[in-house]
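Some notes on the structure that comes next.
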Amino acid sequence: MELRVLRYFLAVAREQSISGAAEMLHISQPTLSRQLMDMEQTLGKKLFIRGNRHITLTEEGMFLRKRAEEIVGLVDKTEAEITSTDQFISGDIYIGAAETNNMRLLLQTARKLQQDYPDIRYHIFSGNAQDVMEKLDKGLLDFGLLIDCNDLNRYESLKLPAEDTWCLLMRSDSPLAAREQIVPADLWDKPLICSQQVFLEKHDLMDWIKKSVDELNIVATYNLIYNARLMAEEGFGYVLCLEKLVQTPPDSQLCQRPLANSEPSRLDIVWKKYQVFSKAAELFLQRLKEELAVRAE
């Protein structure tokens, strides 16, 4: 498959219309239709369901769309890296991060770098460790900020001096809101909302709770904290999350309480082994190491 045809395919998938995609691509509708038919014939699979008003993707088409976006994104990223020069450093830096307030350290480094190189652009992808590592392995991210990752041997890494602590987020009128701290037994009979990373992997938090996942009443899992916050507001359950991700002023509908004697989480910035960085990404890593050295003094 040619890269050009993959771009055509993605345009049709976005526009849900051959005529609309042809207009956007500045090619004729018959030309675009022929290219798509040739692609389907080459693959031996039907990619589109052609309706009266809209075009939708088949299951094979949805799979191809995901892969095509990754391929086209990686090609665009590579072209941008190659065309940058030493005298005029520009380009894109791709960072994947779990939700943590300590992302500020990376952002502070990026802000200082931006003052010297204003043409560097930053792209932040938020997700759990599994999401971030998948994109790292595919070359779609330069760096990943991981919390409590037990598989660091796969990557080069820097441990960040900051640490995260866990808390329980809940409605202010919940029974546990009266506690100053939460102890494990408080959670054994409560409806819990956990991050997918905690739920799917062996995690130190489970050791603190002193119960297995099967013994707990986990009513939901979440990937990003915003929707988990909405569930807490609706009284759906108690959210286990990291502190400082949700603001809970005195007049808030929600409150958060720390977990008593829980171990803080480890934070690492990681990148692929033998990674060939763009000039912009290499400069960012250099500045980050300098920033960490200053803070260690």
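Residues in the structure tokens are numbered from 1 in each chain, the chains being A, B, ... in the order shown, and ligands are numbered from 1 in the order shown.
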*Extract the full set of strand (DSSP E) residues from range 6-235 of chain A according to DSSP on the backbone, and format it as a ChimeraX atom specification.*
/A:48-50,55-57,91-97,120-126,143-147,155-159,166-171,191-195,217-222
Any chance you could export the current selection's N, CA and C atoms as a compact mmCIF listing (two decimals), in the first residue's frame?
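Result file again_11.txt:
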```txt
# COMPACT_ATOMS: atom_id res chain seq x y z
N PHE A 48 -15.34 -0.44 3.35
CA PHE A 48 -16.39 0.56 3.52
C PHE A 48 -17.77 -0.05 3.34
N ILE A 49 -18.72 0.51 4.08
CA ILE A 49 -20.14 0.24 3.83
C ILE A 49 -20.71 1.52 3.25
N ARG A 50 -21.08 1.47 1.99
CA ARG A 50 -21.51 2.67 1.29
C ARG A 50 -23.02 2.85 1.43
N ILE A 55 -20.65 7.15 4.41
CA ILE A 55 -19.83 5.94 4.30
C ILE A 55 -19.33 5.59 5.70
N THR A 56 -19.49 4.34 6.08
CA THR A 56 -18.97 3.88 7.37
C THR A 56 -17.94 2.78 7.12
N LEU A 57 -17.15 2.50 8.15
CA LEU A 57 -16.09 1.51 8.03
C LEU A 57 -16.57 0.14 8.48
N GLY A 91 10.61 21.50 15.35
CA GLY A 91 10.09 20.15 15.28
C GLY A 91 9.15 19.84 16.43
N ASP A 92 8.90 18.56 16.63
CA ASP A 92 7.87 18.11 17.56
C ASP A 92 8.45 17.14 18.58
N ILE A 93 7.98 17.28 19.81
CA ILE A 93 8.35 16.37 20.88
C ILE A 93 7.06 15.72 21.38
N TYR A 94 7.06 14.38 21.42
CA TYR A 94 5.87 13.63 21.79
C TYR A 94 6.08 12.98 23.15
N ILE A 95 5.23 13.33 24.10
CA ILE A 95 5.36 12.84 25.47
C ILE A 95 4.05 12.16 25.88
N GLY A 96 4.16 10.94 26.36
CA GLY A 96 3.01 10.23 26.92
C GLY A 96 3.13 10.22 28.43
N ALA A 97 2.02 10.45 29.11
CA ALA A 97 2.11 10.56 30.57
C ALA A 97 0.87 10.04 31.25
N ILE A 120 9.80 24.77 18.66
CA ILE A 120 9.56 23.39 19.07
C ILE A 120 8.13 23.27 19.55
N ARG A 121 7.44 22.25 19.08
CA ARG A 121 6.05 22.01 19.49
C ARG A 121 5.99 20.74 20.35
N TYR A 122 5.07 20.76 21.29
CA TYR A 122 4.93 19.65 22.23
C TYR A 122 3.55 18.99 22.06
N HIS A 123 3.55 17.67 22.07
CA HIS A 123 2.30 16.92 21.92
C HIS A 123 2.20 15.96 23.11
N ILE A 124 1.17 16.14 23.92
CA ILE A 124 1.01 15.37 25.15
C ILE A 124 -0.11 14.35 24.97
N PHE A 125 0.22 13.10 25.22
CA PHE A 125 -0.77 12.03 25.20
C PHE A 125 -0.96 11.53 26.63
N SER A 126 -2.21 11.53 27.11
CA SER A 126 -2.52 11.07 28.46
C SER A 126 -3.08 9.66 28.42
N PHE A 143 9.02 10.14 24.68
CA PHE A 143 9.20 9.90 26.11
C PHE A 143 7.89 9.47 26.74
N GLY A 144 8.00 8.74 27.84
CA GLY A 144 6.83 8.37 28.61
C GLY A 144 7.08 8.63 30.08
N LEU A 145 6.10 9.20 30.76
CA LEU A 145 6.16 9.39 32.20
C LEU A 145 5.29 8.32 32.84
N LEU A 146 5.93 7.40 33.57
CA LEU A 146 5.24 6.23 34.10
C LEU A 146 5.23 6.25 35.63
N ILE A 147 4.14 5.74 36.17
CA ILE A 147 3.99 5.63 37.62
C ILE A 147 4.08 4.16 38.02
N TYR A 155 13.44 -0.21 28.86
CA TYR A 155 13.67 1.18 28.47
C TYR A 155 14.91 1.75 29.15
N GLU A 156 15.36 2.85 28.58
CA GLU A 156 16.25 3.75 29.31
C GLU A 156 15.36 4.61 30.19
N SER A 157 15.86 5.03 31.36
CA SER A 157 14.96 5.76 32.25
C SER A 157 15.71 6.71 33.16
N LEU A 158 14.98 7.68 33.66
CA LEU A 158 15.46 8.59 34.69
C LEU A 158 14.41 8.61 35.79
N LYS A 159 14.84 8.39 37.02
CA LYS A 159 13.90 8.48 38.15
C LYS A 159 13.73 9.95 38.51
N TRP A 166 -1.22 8.32 47.31
CA TRP A 166 -2.59 7.93 46.99
C TRP A 166 -3.58 8.50 47.99
N CYS A 167 -4.79 8.71 47.51
CA CYS A 167 -5.86 9.21 48.37
C CYS A 167 -7.18 8.58 47.96
N LEU A 168 -8.21 8.86 48.74
CA LEU A 168 -9.56 8.42 48.42
C LEU A 168 -10.41 9.65 48.13
N LEU A 169 -10.97 9.69 46.94
CA LEU A 169 -11.83 10.80 46.51
C LEU A 169 -13.28 10.37 46.67
N MET A 170 -14.09 11.25 47.28
CA MET A 170 -15.47 10.86 47.59
C MET A 170 -16.34 12.10 47.72
N ARG A 171 -17.64 11.89 47.79
CA ARG A 171 -18.55 12.98 48.09
C ARG A 171 -18.31 13.48 49.52
N PRO A 191 -17.97 0.40 47.77
CA PRO A 191 -17.89 0.36 46.30
C PRO A 191 -16.71 1.21 45.83
N LEU A 192 -15.75 0.58 45.18
CA LEU A 192 -14.51 1.26 44.81
C LEU A 192 -14.43 1.48 43.30
N ILE A 193 -13.81 2.60 42.94
CA ILE A 193 -13.53 2.94 41.55
C ILE A 193 -12.01 3.06 41.43
N CYS A 194 -11.39 2.17 40.68
CA CYS A 194 -9.93 2.10 40.61
C CYS A 194 -9.44 2.41 39.19
N SER A 195 -8.22 2.87 39.11
CA SER A 195 -7.61 3.04 37.79
C SER A 195 -7.40 1.67 37.16
N ASN A 217 -15.02 -4.85 46.40
CA ASN A 217 -16.21 -4.48 45.63
C ASN A 217 -15.83 -3.37 44.65
N ILE A 218 -15.15 -3.76 43.58
CA ILE A 218 -14.75 -2.78 42.56
C ILE A 218 -15.90 -2.64 41.57
N VAL A 219 -16.55 -1.48 41.60
CA VAL A 219 -17.74 -1.27 40.77
C VAL A 219 -17.42 -0.65 39.41
N ALA A 220 -16.20 -0.08 39.28
CA ALA A 220 -15.84 0.55 38.00
C ALA A 220 -14.34 0.75 37.96
N THR A 221 -13.81 0.85 36.76
CA THR A 221 -12.42 1.25 36.56
C THR A 221 -12.40 2.47 35.65
N TYR A 222 -11.30 3.21 35.68
CA TYR A 222 -11.19 4.41 34.86
C TYR A 222 -9.80 4.49 34.26
```
_Residue set, range 7-118 of chain A restricted to alpha helix (DSSP H), as JSON, numbers by chain_ = {"A": [7, 8, 9, 10, 11, 12, 13, 14, 15, 18, 19, 20, 21, 22, 23, 24, 25, 29, 30, 31, 32, 33, 34, 35, 36, 37, 38, 39, 40, 41, 42, 43, 59, 60, 61, 62, 63, 64, 65, 66, 67, 68, 69, 70, 71, 72, 73, 74, 75, 76, 77, 78, 79, 80, 81, 82, 83, 104, 105, 106, 107, 108, 109, 110, 111, 112, 113, 114, 115, 116]}
*asked:* Just to confirm, what's the straight-line distance from CA of Met1 in chain A to CA of Pro30 in chain A in Å (one decimal)?
replied: 19.2 Å
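Considering only C-alpha atoms, the residue among A:Glu15, A:Glu233, A:Glu297, A:Asp142 positioned nearest to Val246 in chain A is A:Glu233.
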*Contacts of range 272-283 of chain A at 12 Å or less, counting only C-alpha atoms, minus same-chain residues fewer than 3 places along, as a ChimeraX atom specification?*
/A:77-95,109-110,112-114,116-123,132-144,152-157,269,286-290
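CA of Arg295 in chain A is positioned 25.2 Å from CA of Ser262 in chain A.
Between Gln108 in chain A and the candidates A:Val270, A:Glu263, A:Lys190, A:Phe284, the tightest atom-to-atom separation, counting only C-alpha atoms, involves A:Phe284.
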*Show which residues sit within 8 Å of Ala21 in chain A, as a PyMOL selection string. Count only C-alpha atoms, and ignore same-chain residues fewer than 4 positions away.*
chain A and resi 8+11-12+15-17+25
*Using only C-alpha atoms, which residues sit within 12 Å of Phe63 in chain A once same-chain residues fewer than 6 positions away are excluded, as a ChimeraX atom specification?*
/A:10,13,45-48,57,69-70
*Nearest to Leu285 in chain A, chosen from A:Gln130, A:Leu106, A:Val5, A:Cys241, with only C-alpha atoms counted in the distances*: A:Leu106
*asked:* I need the residue nearest Asp148 in chain A from this list: A:Glu60, A:Asp204, A:Glu291, A:Asp189. Use only C-alpha atoms for the distance.
replied: A:Asp204
_Å distance separating CA of Asn101 in chain A from CA of Lys244 in chain A, one decimal place_ = 6.2 Å
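Proximity ranking of A:Ile225, A:Ala162, A:Leu245, A:Leu292 relative to Pro264 in chain A places A:Ala162 first, based on only C-alpha atoms.
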